[in-house]
Structures are given as structure tokens and as C-alpha cells.
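*Asks:* Input file: entry19.pdb. Contents: PDB, C-alpha atoms and all ligand atoms.
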ATOM      1  CA  MET H   3     -67.453   5.746  21.258
ATOM      2  CA  LYS H   4     -69.603   5.024  18.289
ATOM      3  CA  HIS H   5     -71.080   8.507  18.477
ATOM      4  CA  PHE H   6     -67.649   9.929  18.154
ATOM      5  CA  ARG H   7     -68.049  11.489  14.765
ATOM      6  CA  LYS H   8     -71.239  13.222  15.562
ATOM      7  CA  THR H   9     -69.799  14.608  18.749
ATOM      8  CA  THR H  10     -66.695  15.726  16.957
ATOM      9  CA  THR H  11     -68.667  17.703  14.469
ATOM     10  CA  LEU H  12     -70.574  19.377  17.241
ATOM     11  CA  ILE H  13     -67.488  20.297  19.134
ATOM     12  CA  ILE H  14     -65.688  21.573  16.102
ATOM     13  CA  ALA H  15     -68.698  23.725  15.375
ATOM     14  CA  THR H  16     -68.472  25.040  18.905
ATOM     15  CA  ALA H  17     -64.734  25.476  18.890
ATOM     16  CA  GLY H  18     -64.678  27.086  15.488
ATOM     17  CA  GLY H  19     -67.292  29.698  16.267
ATOM     18  CA  SER H  20     -70.225  30.169  13.959
ATOM     19  CA  LYS H  21     -68.891  28.195  11.004
ATOM     20  CA  GLY H  22     -70.992  25.118  11.495
ATOM     21  CA  GLY H  23     -74.296  26.910  11.632
ATOM     22  CA  LYS H  24     -76.614  24.814  13.712
ATOM     23  CA  GLY H  25     -75.172  22.400  16.150
ATOM     24  CA  MET H  26     -74.206  24.459  19.153
ATOM     25  CA  GLN H  27     -74.683  21.429  21.244
ATOM     26  CA  GLU H  28     -76.457  21.102  24.532
ATOM     27  CA  ASN H  29     -75.671  17.593  25.614
ATOM     28  CA  SER H  30     -72.240  17.187  26.993
ATOM     29  CA  LEU H  31     -70.574  13.942  25.994
ATOM     30  CA  LYS H  32     -67.266  15.226  24.785
ATOM     31  CA  THR H  33     -64.899  12.963  23.039
ATOM     32  CA  ASN H  34     -62.713  15.120  20.892
ATOM     33  CA  ILE H  35     -60.700  16.672  23.651
ATOM     34  CA  ILE H  36     -57.359  15.047  24.183
ATOM     35  CA  LYS H  37     -54.240  15.515  26.191
ATOM     36  CA  LEU H  38     -50.813  15.100  24.752
ATOM     37  CA  ARG H  39     -47.177  15.590  25.505
ATOM     38  CA  PHE H  40     -44.804  17.108  23.021
ATOM     39  CA  LEU H  41     -42.156  14.915  21.509
ATOM     40  CA  ARG H  42     -38.548  15.913  21.389
ATOM     41  CA  ASN H  43     -36.219  13.472  19.688
ATOM     42  CA  SER H  44     -39.155  11.078  19.636
ATOM     43  CA  GLN H  45     -39.431  11.209  23.431
ATOM     44  CA  PRO H  46     -42.364  12.767  25.298
ATOM     45  CA  GLN H  47     -41.209  15.843  27.169
ATOM     46  CA  GLY H  48     -42.730  18.280  29.604
ATOM     47  CA  ARG H  49     -46.278  18.520  30.855
ATOM     48  CA  GLU H  50     -49.512  17.507  29.227
ATOM     49  CA  TYR H  51     -51.360  19.924  26.993
ATOM     50  CA  THR H  52     -55.000  19.849  26.068
ATOM     51  CA  TYR H  53     -56.133  20.030  22.448
ATOM     52  CA  TYR H  54     -59.171  19.422  20.337
ATOM     53  CA  THR H  55     -58.813  16.808  17.677
ATOM     54  CA  PRO H  56     -60.585  16.805  14.310
ATOM     55  CA  VAL H  57     -59.957  13.092  13.868
ATOM     56  CA  GLU H  58     -60.363  10.060  16.053
ATOM     57  CA  VAL H  59     -57.155   9.267  17.879
ATOM     58  CA  SER H  60     -56.109   6.714  20.459
ATOM     59  CA  GLU H  61     -53.747   6.962  23.366
ATOM     60  CA  GLY H  62     -50.208   6.576  22.136
ATOM     61  CA  ASP H  63     -50.944   7.997  18.680
ATOM     62  CA  ILE H  64     -48.495  10.501  17.302
ATOM     63  CA  VAL H  65     -50.195  13.704  16.254
ATOM     64  CA  GLU H  66     -49.120  17.015  14.795
ATOM     65  CA  MET H  67     -50.022  20.499  15.915
ATOM     66  CA  GLU H  68     -49.073  23.996  14.981
ATOM     67  CA  THR H  69     -46.995  25.898  17.496
ATOM     68  CA  ARG H  70     -45.213  29.215  17.441
ATOM     69  CA  GLY H  71     -42.084  27.447  16.363
ATOM     70  CA  GLY H  72     -43.727  25.552  13.533
ATOM     71  CA  ILE H  73     -45.336  22.175  13.370
ATOM     72  CA  ALA H  74     -44.599  19.986  16.363
ATOM     73  CA  LYS H  75     -45.345  16.380  17.137
ATOM     74  CA  GLY H  76     -46.831  14.968  20.276
ATOM     75  CA  THR H  77     -48.063  11.717  21.671
ATOM     76  CA  VAL H  78     -51.626  11.361  22.871
ATOM     77  CA  THR H  79     -51.759  10.629  26.581
ATOM     78  CA  GLN H  80     -55.491  10.827  27.177
ATOM     79  CA  ILE H  81     -58.605  10.859  25.039
ATOM     80  CA  ASN H  82     -62.202  11.703  25.876
ATOM     81  CA  VAL H  83     -61.192  14.393  28.307
ATOM     82  CA  PRO H  84     -64.424  15.645  29.917
ATOM     83  CA  GLU H  85     -65.428  19.119  28.860
ATOM     84  CA  GLU H  86     -65.852  20.257  32.447
ATOM     85  CA  GLU H  87     -62.140  19.908  32.815
ATOM     86  CA  ILE H  88     -61.413  22.449  30.126
ATOM     87  CA  GLU H  89     -64.325  24.776  30.842
ATOM     88  CA  PRO H  90     -62.218  27.570  32.418
ATOM     89  CA  PHE H  91     -59.821  27.784  29.501
ATOM     90  CA  LYS H  92     -61.679  26.241  26.608
ATOM     91  CA  ASP H  93     -61.413  29.367  24.458
ATOM     92  CA  LYS H  94     -57.667  28.989  24.490
ATOM     93  CA  ILE H  95     -57.634  25.400  23.357
ATOM     94  CA  LYS H  96     -56.471  24.803  19.854
ATOM     95  CA  SER H  97     -56.982  21.888  17.584
ATOM     96  CA  ILE H  98     -54.287  19.499  16.511
ATOM     97  CA  ILE H  99     -53.686  19.197  12.787
ATOM     98  CA  GLY H 100     -54.137  15.461  12.764
ATOM     99  CA  LYS H 101     -52.490  12.149  13.162
ATOM    100  CA  VAL H 102     -49.030  11.549  11.808
ATOM    101  CA  LYS H 103     -49.257   8.965   9.095
ATOM    102  CA  GLU H 104     -47.564   5.734   9.948
ATOM    103  CA  GLU H 105     -44.743   4.902   7.618
ATOM    104  CA  THR H 106     -45.611   1.625   6.023
ATOM    105  CA  PRO H 107     -42.844  -0.018   4.016
ATOM    106  CA  GLU H 108     -45.116  -1.200   1.240
ATOM    107  CA  ASP H 109     -46.481   2.271   0.795
ATOM    108  CA  GLU H 110     -48.762   2.030  -2.156
ATOM    109  CA  ASP H 111     -50.065   5.552  -1.852
ATOM    110  CA  LYS H 112     -46.612   7.039  -1.885
ATOM    111  CA  PRO H 113     -46.949   8.748  -5.253
ATOM    112  CA  ARG H 114     -50.089  10.429  -4.056
ATOM    113  CA  LYS H 115     -48.354  11.574  -0.895
ATOM    114  CA  GLU H 116     -45.539  13.026  -2.916
ATOM    115  CA  ALA H 117     -47.990  14.835  -5.108
ATOM    116  CA  GLU H 118     -49.669  16.342  -2.071
ATOM    117  CA  LEU H 119     -46.339  17.354  -0.698
ATOM    118  CA  LYS H 120     -45.461  19.080  -3.907
ATOM    119  CA  ILE H 121     -48.603  21.117  -3.922
ATOM    120  CA  GLY H 122     -48.064  22.011  -0.298
ATOM    121  CA  ASP H 123     -44.529  23.129  -0.968
ATOM    122  CA  GLU H 124     -45.271  25.236  -3.938
ATOM    123  CA  SER H 125     -48.397  27.004  -2.920
ATOM    124  CA  ILE H 126     -49.260  28.214   0.513
ATOM    125  CA  TYR H 127     -52.321  30.046  -0.693
ATOM    126  CA  THR H 128     -55.854  28.795  -0.680
ATOM    127  CA  GLU H 129     -57.921  29.018  -3.812
ATOM    128  CA  GLU H 130     -59.774  31.978  -2.367
ATOM    129  CA  GLU H 131     -56.604  33.848  -1.431
ATOM    130  CA  ALA H 132     -55.178  33.092  -4.839
ATOM    131  CA  LYS H 133     -58.254  34.613  -6.446
ATOM    132  CA  THR H 134     -57.779  37.783  -4.431
ATOM    133  CA  LEU H 135     -54.145  37.943  -5.487
ATOM    134  CA  VAL H 136     -54.751  37.552  -9.189
ATOM    135  CA  GLU H 137     -57.669  39.956  -9.071
ATOM    136  CA  CYS H 138     -55.393  42.566  -7.529
ATOM    137  CA  LEU H 139     -53.351  42.253 -10.679
ATOM    138  CA  GLY H 140     -56.579  42.500 -12.631
ATOM    139  CA  ILE H 141     -57.281  45.876 -11.037
ATOM    140  CA  LEU H 142     -53.805  47.046 -11.916
ATOM    141  CA  GLN H 143     -54.241  45.876 -15.508
ATOM    142  CA  ASN H 144     -57.505  47.740 -15.811
ATOM    143  CA  THR H 145     -56.108  50.861 -14.223
ATOM    144  CA  ARG H 146     -53.162  51.026 -16.553
ATOM    145  CA  GLY H 147     -54.856  49.714 -19.652
ATOM    146  CA  VAL H 148     -51.506  49.365 -21.386
ATOM    147  CA  GLY H 149     -48.116  47.952 -20.562
ATOM    148  CA  SER H 150     -47.171  44.347 -20.597
ATOM    149  CA  PHE H 151     -47.328  42.205 -17.518
ATOM    150  CA  PRO H 152     -46.368  38.572 -17.656
ATOM    151  CA  CYS H 153     -49.370  36.298 -17.958
ATOM    152  CA  PRO H 154     -50.454  35.544 -14.375
ATOM    153  CA  ARG H 155     -51.551  32.045 -15.328
ATOM    154  CA  CYS H 156     -48.569  30.699 -17.280
ATOM    155  CA  GLY H 157     -45.950  33.309 -16.389
ATOM    156  CA  TYR H 158     -44.840  33.846 -19.970
ATOM    157  CA  ASN H 159     -44.180  37.313 -21.219
ATOM    158  CA  ARG H 160     -46.571  37.148 -24.099
ATOM    159  CA  MET H 161     -49.436  39.392 -23.142
ATOM    160  CA  LYS H 162     -50.451  41.998 -25.652
ATOM    161  CA  ASP H 163     -49.553  45.548 -24.723
ATOM    162  CA  LEU H 164     -53.108  46.735 -24.847
ATOM    163  CA  VAL H 165     -54.543  44.913 -21.857
ATOM    164  CA  ALA H 166     -58.038  44.518 -23.238
ATOM    165  CA  LYS H 167     -56.668  42.658 -26.281
ATOM    166  CA  ASN H 168     -55.780  39.729 -24.069
ATOM    167  CA  ALA H 169     -58.150  37.045 -22.860
ATOM    168  CA  LEU H 170     -60.302  37.646 -19.826
ATOM    169  CA  SER H 171     -59.963  34.626 -17.578
ATOM    170  CA  ARG H 172     -62.998  32.494 -16.859
ATOM    171  CA  ARG H 173     -61.783  31.973 -13.305
ATOM    172  CA  ALA H 174     -61.103  35.455 -12.013
ATOM    173  CA  ASP H 175     -61.328  39.079 -13.040
ATOM    174  CA  VAL H 176     -57.960  39.264 -14.666
ATOM    175  CA  TYR H 177     -56.528  39.213 -18.158
ATOM    176  CA  ILE H 178     -54.400  36.279 -19.229
ATOM    177  CA  CYS H 179     -52.540  35.523 -22.458
ATOM    178  CA  SER H 180     -54.557  34.227 -25.407
ATOM    179  CA  GLU H 181     -52.960  30.809 -25.136
ATOM    180  CA  CYS H 182     -54.124  30.486 -21.540
ATOM    181  CA  GLY H 183     -57.518  31.833 -22.494
ATOM    182  CA  GLN H 184     -57.781  29.104 -25.102
ATOM    183  CA  GLU H 185     -56.632  26.481 -22.675
ATOM    184  CA  GLU H 186     -59.296  27.488 -20.175
ATOM    185  CA  ALA H 187     -61.933  27.280 -22.886
ATOM    186  CA  ILE H 188     -60.713  23.876 -24.023
ATOM    187  CA  LEU H 189     -60.646  22.492 -20.485
ATOM    188  CA  ASP H 190     -64.167  23.766 -19.928
ATOM    189  CA  ALA H 191     -65.383  22.338 -23.205
ATOM    190  CA  ALA H 192     -63.840  18.991 -22.366
ATOM    191  CA  GLY H 193     -65.447  19.049 -18.936
ATOM    192  CA  LYS H 194     -62.029  18.915 -17.276
ATOM    193  CA  ASP H 195     -61.035  20.620 -14.070
ATOM    194  CA  PRO H 196     -59.597  24.084 -14.498
ATOM    195  CA  LEU H 197     -56.089  24.860 -13.355
ATOM    196  CA  PRO H 198     -56.636  25.859  -9.720
ATOM    197  CA  LEU H 199     -55.891  29.526  -9.117
ATOM    198  CA  ASN H 200     -53.326  28.671  -6.507
ATOM    199  CA  ARG H 201     -51.396  26.801  -9.186
ATOM    200  CA  TRP H 202     -51.142  29.847 -11.409
ATOM    201  CA  ASP H 203     -47.588  30.931 -12.056
ATOM    202  CA  MET H 204     -48.023  34.302 -10.393
ATOM    203  CA  VAL H 205     -49.452  32.755  -7.229
ATOM    204  CA  ILE H 206     -46.751  30.103  -7.021
ATOM    205  CA  ALA H 207     -44.113  32.790  -7.507
ATOM    206  CA  LEU H 208     -45.587  34.824  -4.662
ATOM    207  CA  ALA H 209     -45.824  31.762  -2.485
ATOM    208  CA  LYS H 210     -42.170  30.985  -3.105
ATOM    209  CA  GLU H 211     -41.230  34.529  -2.297
ATOM    210  CA  MET H 212     -43.158  34.356   0.958
ATOM    211  CA  LYS H 213     -41.228  31.262   1.873
ATOM    212  CA  GLY H 214     -37.950  32.944   1.038
ATOM    213  CA  TRP H 215     -37.062  30.784  -1.912
TER     214      TRP H 215
HETATM  215 ZN    ZN H 301     -50.648  32.509 -20.148
END
What do you get writing this file as C-alpha cells?
Ligand SMILES: [Zn+2]
*Replies:*
Amino acid sequence: MKHFRKTTTLIIATAGGSKGGKGMQENSLKTNIIKLRFLRNSQPQGREYTYYTPVEVSEGDIVEMETRGGIAKGTVTQINVPEEEIEPFKDKIKSIIGKVKEETPEDEDKPRKEAELKIGDESIYTEEEAKTLVECLGILQNTRGVGSFPCPRCGYNRMKDLVAKNALSRRADVYICSECGQEEAILDAAGKDPLPLNRWDMVIALAKEMKGW
């Protein structure tokens, strides 16, 4: 049990393909394979399913996993399932998302949770995807050279008509309004974190559109 974390890392490396680099493990103590039953109306239903888990869980824990119909909850029925048992179908096994947080009444980290929720709601893009998105606009700006687009960072319609007269962002190959350009410079100078690309107005707008808002 105390080697759990190490084993987990190894198995995730195995399950996730080449991502982990070294660590395709030889020894076979597997502890991050679990069985669970899906919950419907808080009651376990149907047969047991096998999953990998990225976090340590115990029997009886409520966990979340992605399914075709969205995120579902399940209750852990078995942990430390031996790898031999899943050998024939291990390529098909997915990983759960994680444990469902217990609702504690005196929830001191509630504001933080709400903040996380907000980010999750507003932007479904990763930083890398967001960069691709804004740089697509950058290509369009460069191709046209003229014509006003809203500023991709703040969303205001205050870009100069001649694209090259605007500020080139420090974060991605795209022009932004001078105000945003200044803000980026100030944040950098002050050693503060930049506005993440997936929080840019254009990216949030696209994310909302994708979610049908
Ligand atoms: Zn702007």
C-alpha cells in the first residue's frame, strides 16, 4: 500500500502510452485498478466495471468518470484489482476522473471551489488549444492586413484598421489592441502572471458557443 503512488505513476505511464517516458514497468504489483458500480439516484446499479484510477481510493468511495452520456458517478467496489484480471481487455480500460469531493458543511475552501467552477464553465479549452485558436486569427489578420477585428484578448472593438499598427501579443502570434498590449507589458514588468490564453475574450466566446450558450 505504501508504494501506491509509485505504482500509480507506472501504470498511468503504461495506460497513457508513451507520455511518461521511462517507466514501462516490469514488476507487476498493480494497485490502481479498481472496480466500481455506477450510481443512479445515489444507488449502485448494474454490474461492476473496471477502471484505472489516478488517485488513491478506498472501497465505498464515490468517484466520477466520463461516459458517453456525460460525467457519471460510481461507487468503488474493489481496489487493487490484479493486472492479470484485466490483461485481455486492458487496452479498453479507461481512467476515472477522480474522487467526488465530500461536502463538508464548514467548507473553508468553498470560494476556491467556486472559482474553479467558474473557470471550468467559461472555458473548455486548454491553454495550448487557446493558443492555436488565437493564432488562427493571427493568420487571418496577417493575410488581410486591414479591416478591424475585435481585440481577441479584451473583446473590445478598438483595434486599428491597419493590423500592423496594433500591438503584437507577447503570448501568441496575434495582434491585440494597444491597451491590451500595454497591459501585457505591465504585467510582465511587474512579474505578474499573464492573462491565460484560455481566458481571452475570443476564446471564452468560442467556448460558450461550443457549449450552446
Ligand atoms: Zn484588447
*Asks:* For Lys96 of chain H, which residue out of H:Thr69, H:Asn159, H:Gln80, H:Ser150 is the nearest one, using only C-alpha atoms?
*Replies:*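 The answer is H:Thr69, which sits nearest to Lys96 of chain H.
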*Asks:* Please measure the separation of atom CA of Tyr127 of chain H and atom CA of Met204 of chain H, giving the value in Å to one decimal.
*Replies:* 11.4 Å
*Asks:* With all atoms listed in the file as the basis for distance, which of H:Val59, H:Ala174, H:Phe40, H:Lys213 is at the shortest distance from Glu131 of chain H?
*Replies:*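 Of H:Val59, H:Ala174, H:Phe40, H:Lys213, the one nearest Glu131 of chain H, counting all atoms listed in the file, is H:Ala174.
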*Asks:* From the set H:Glu86, H:Glu130, H:Asp203, H:Glu66, which residue has the shortest atom-to-atom contact distance to Arg155 of chain H, counting all atoms listed in the file?
*Replies:*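 That would be H:Asp203, the residue with the smallest distance to Arg155 of chain H.
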*Asks:* Please write the residues picked by the PyMOL selection byres (((not hetatm)) within 8 of (chain H and resi 301)) on this file as a PyMOL selection string.
*Replies:* chain H and resi 152-158+160-161+178-183
*Asks:* Find the residues around Lys92 of chain H up to 10 Å (all atoms listed in the file counted), leave out those fewer than 6 positions away in its own chain, and share them as an MDAnalysis selection string.
*Replies:* chainID H and resid 17 52:54 85:86
*Asks:* To one decimal place in Å, what is the distance between atom CA of Gly149 of chain H and atom CA of Lys162 of chain H?
*Replies:* 8.2 Å
*Asks:* Can you list, as a list in words, every protein, DNA or RNA residue that comes within 8 Å of Pro196 of chain H when you count all atoms listed in the file, leaving out same-chain residues fewer than 4 positions away?
*Replies:* Glu186, Leu189 and Asp190 of chain H
